[in-house]
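A.B. asks: The following block contains the structure, expressed as structure tokens.
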Amino acid sequence: MNTVCIQNSTGTYKIIKEETSFLGLQTGVESRILKSMRRNTFLDDKGIVWKDSNTGPWNIINMHIQQGEIIPYGKWMPGKTLADKKPTPDDILNITELLYTLSREGRFPRTLSATGIYLGDDDSILLFPENILDFLNTHQDDNYKMRFIDSYRHPDLQGEKAVCFFLGVITYQMVVGHLPYKGESLTDLRELMRKTKPVPPQYWNNRVGNDLSDLIMKALLAGSSGITVKRWKEVLERIHSEGFYETETAKQYGSDRQRAVVLEEKQKKKYMRNRFLIKNTPKIAVTAVSLLIMGVILFTPIKRALEPPVTAGMSPDEVVQLYYDSINNLDTETLDDCTSSKTGEKDSKEVTGIYVISKVRTGYEGKSGLVQAKDWLASGKKTLEADESIYGLTDILVKKISENMFRVTYTKWYTEREETPVTENKPGVPRSIHITDTIHLTKNKNVWIIDKIDRSTESD
């Protein structure tokens, strides 16, 4: 029997047997896999065909093997997968009506993707069999998954919210011309979906109306409530009847395309910076300590290494004051001179981490983003920029108890930052802690050093 198998569209083949055409699924799965599974796993699964508001089954008739690849096939339908055809407003509405019909039966397809939906030339819609797609998707490489599968699925959503997310992605892609999320790897893509908010479609296409833009953005935000397939159907039907694009909106958003480019680049930079700092802050701190040690050994003149600490000749009062000044100045070298090896270790590590991260950001962005607490208070507590952070000690009061014991009270300022979508551009929240330190000093080779710090804290 002469069989011809040719590529039809991404994810599908056209199979011709004895002048009869069939629609085959591209699997990339070798036929030897059949030996470890039931043949009926493929043959028993059914797809769903939607046409003129009616649904029916699409059955797998048989399997063809070409060059070792398993190709399940069923009834021929002229058309292309969503991966190869930019959907029209009619396509989006038809897909929504199909998904709404299924939702009324409590069915929410779990395998929605660019290669899982087939757009018929006669305005029909075909959802390929779910179990087959589940099986096939696990055998695709990461590049294929990023382009055709995972870009259309939120990693944490299921059921109706996952369906609405898919509708948000394909509608965004239709009106903008590209996907809302673009990662360099599967991990990046999934984290972008979790932690960022795409540039609103109105910025890219000034003909997109407020209702459609809001609907898309709500669907793409995992935490949005009140978004349902029914809501999608209602809004799209109204927009479709009135005209999918608005003309008045162009007056309001006509100059925002350049802003969209800037906003998208800003989002990318912030995400990359946060990813770098989150992944590497422990390494940065360790590296910083190592570099400080190497700096002393390799780059500091030998005479400096042999010099007495900067606290030599200072009174206990002066050593205590210098210790807290060094924290504000991010001067770890002087900080370490003031204490014994273990006493100020926690403060030293914190200051080192802040110092190194500020240097990394300066190199990466041209500014550290660090605002000294005293400067911020002097400015009247000005509103912080989204990329700024506060750090420092204020209201330092040193009270002498005895020659080598002091009580120090002060306020420590820092920035508390919550995870928010990038486009919200929210600054961190300044926080403060009231701290009391009881300091004990000892004299070592005629040099006063802090050998004990008892600390108590009280949040603001």
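A note on labels: chains of the structure tokens are A, B, ... as shown, every chain counts residues from 1, and ligands are counted from 1 in their shown order.
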Would you pick out the contacts of A:Pro78 at 12 Å or less, using only C-alpha atoms, so that residues sharing its chain but fewer than 4 positions from it are not included, and give the list as a list in words?

C.D. replies: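 Those residues are Asn8, Ser9, Thr12, Tyr13, Lys14, Ile15, Ser21, Phe22, Leu23, Gly24, Tyr118, Leu119, Gly120, Asp121, Asp122, Asp123, Ser124, Ile125 and Leu126 of chain A.
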
A.B. asks: Name the residues in contact with A:Ile433 at a cut-off of 9 Å, using only C-alpha atoms, excluding same-chain residues fewer than 2 positions from it; report them as a list in words.

C.D. replies: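 Here the answer would be Tyr410, Thr411, Lys412, Trp413, Tyr414, Arg431, Ile435, Thr457, Glu458, Ser459 and Asp460 of chain A.
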
A.B. asks: Give me the residues within 10 Å of A:Tyr355 as a ChimeraX atom specification, counting only C-alpha atoms and dropping any in the same chain fewer than 2 places off.

C.D. replies: /A:285,288,329-332,349-353,357-360,368,370

A.B. asks: What lies within 7 Å of A:Asn404 using only C-alpha atoms, ignoring chain neighbours under 3 positions off, as a PDB file with C-alpha atoms, in the first residue's frame?

C.D. replies:
ATOM      1  CA  PRO A 316      37.211  53.210  74.721  1.00  0.00           C
ATOM      2  CA  HIS A 440      32.176  45.535  76.627  1.00  0.00           C
ATOM      3  CA  LEU A 441      35.768  46.320  75.691  1.00  0.00           C
ATOM      4  CA  THR A 442      39.087  44.801  76.653  1.00  0.00           C
TER       5      THR A 442
END

A.B. asks: If I take atom CA of A:Trp232 and atom CA of A:Leu93, how far is one from the other in Å, to one decimal?

C.D. replies: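 Separating atom CA of A:Trp232 from atom CA of A:Leu93 is a distance of 9.0 Å.
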
A.B. asks: Can you check which residues of stretch 10-216 of chain A DSSP gives as alpha helix (DSSP H) on the backbone and send them as a ChimeraX atom specification?

C.D. replies: /A:40-43,89-104,130-137,142-144,159-176,186-195,201-204,210-216

A.B. asks: Mind listing the strand (DSSP E or B) residues of stretch 57-230 of chain A, per DSSP on the backbone, as a VMD selection string?

C.D. replies: chain A and resid 57 to 66 69 to 75 79 to 81 117 to 120 125 to 127

A.B. asks: When you count only C-alpha atoms, which of these residues is closest to A:Gly168: A:Ile216, A:Leu236, A:Met63, A:Ala114?

C.D. replies: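 Residue with the minimum atom-to-atom distance to A:Gly168: A:Ile216.
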
A.B. asks: Which of these, A:Ile449, A:Val310, A:Val169, A:Val371, has the shortest distance to A:Met193 once you count only C-alpha atoms?

C.D. replies: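 Using only C-alpha atoms, A:Met193 sits closest to A:Val169.
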
A.B. asks: Would you mind listing what lies within 12 Å of A:Ser53 as an MDAnalysis selection string, with only C-alpha atoms counted and same-chain residues fewer than 4 positions away left out?

C.D. replies: chainID A and resid 49 93:102 123:125

A.B. asks: Could you pull the residues within 10 Å of A:Thr339, counting only C-alpha atoms, minus those fewer than 5 positions along the same chain, as a ChimeraX atom specification?

C.D. replies: /A:311,319-320,323,334,344-345,441-442,448-453

A.B. asks: Export, as a compact mmCIF listing (two decimals), in the first residue's frame, the selected residues with N, CA and C atoms.

C.D. replies:
# COMPACT_ATOMS: atom_id res chain seq x y z
N THR A 311 42.49 51.81 65.54
CA THR A 311 42.02 52.17 66.89
C THR A 311 43.16 52.35 67.88
N VAL A 319 36.55 54.31 70.37
CA VAL A 319 36.43 53.04 69.65
C VAL A 319 34.96 52.70 69.43
N VAL A 320 34.14 52.88 70.47
CA VAL A 320 32.71 52.58 70.35
C VAL A 320 32.06 53.47 69.29
N TYR A 323 33.04 52.43 65.78
CA TYR A 323 32.40 51.20 65.34
C TYR A 323 31.09 51.50 64.62
N THR A 334 37.70 49.08 58.94
CA THR A 334 37.72 49.76 60.24
C THR A 334 36.81 49.05 61.23
N GLY A 344 32.03 41.14 66.16
CA GLY A 344 31.26 41.94 65.21
C GLY A 344 31.00 41.23 63.89
N GLU A 345 31.07 39.89 63.91
CA GLU A 345 30.98 39.12 62.67
C GLU A 345 29.66 39.36 61.94
N LEU A 441 34.47 46.24 76.36
CA LEU A 441 35.77 46.32 75.69
C LEU A 441 36.86 45.73 76.57
N THR A 442 37.91 45.28 75.94
CA THR A 442 39.09 44.80 76.65
C THR A 442 40.32 45.39 75.99
N TRP A 448 42.40 49.16 72.71
CA TRP A 448 41.06 48.81 73.14
C TRP A 448 40.27 48.18 71.98
N ILE A 449 39.67 47.01 72.23
CA ILE A 449 38.82 46.37 71.22
C ILE A 449 37.51 45.92 71.88
N ILE A 450 36.47 45.90 71.09
CA ILE A 450 35.17 45.43 71.57
C ILE A 450 35.19 43.91 71.55
N ASP A 451 34.97 43.29 72.71
CA ASP A 451 35.00 41.82 72.76
C ASP A 451 33.64 41.19 73.06
N LYS A 452 32.62 42.06 73.28
CA LYS A 452 31.29 41.51 73.54
C LYS A 452 30.23 42.55 73.23
N ILE A 453 29.16 42.10 72.53
CA ILE A 453 28.01 42.97 72.24
C ILE A 453 26.75 42.20 72.59

A.B. asks: If we count only C-alpha atoms and set the cut-off at 7 Å, which residues sit around stretch 160-164 of chain A, ignoring sequence neighbours fewer than 5 positions away in its own chain? Please answer as a PyMOL selection string.

C.D. replies: chain A and resi 108+153-154+219+228-229

A.B. asks: Using atom CA of A:Val447 and atom CA of A:Ile354 as the two end points, give the distance in Å to one decimal.

C.D. replies: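 We find that atom CA of A:Val447 and atom CA of A:Ile354 lie 28.6 Å from each other.
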
A.B. asks: Taking into account only C-alpha atoms, which residue in the set A:Tyr152, A:Tyr181, A:Trp58, A:Tyr144 is nearest to A:Leu82?

C.D. replies: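 Distance minimum relative to A:Leu82 lands on A:Tyr152.
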
A.B. asks: Report, in Å with one decimal, the straight-line distance from atom CA of A:Ser185 to atom CA of A:Thr115.

C.D. replies: 19.2 Å
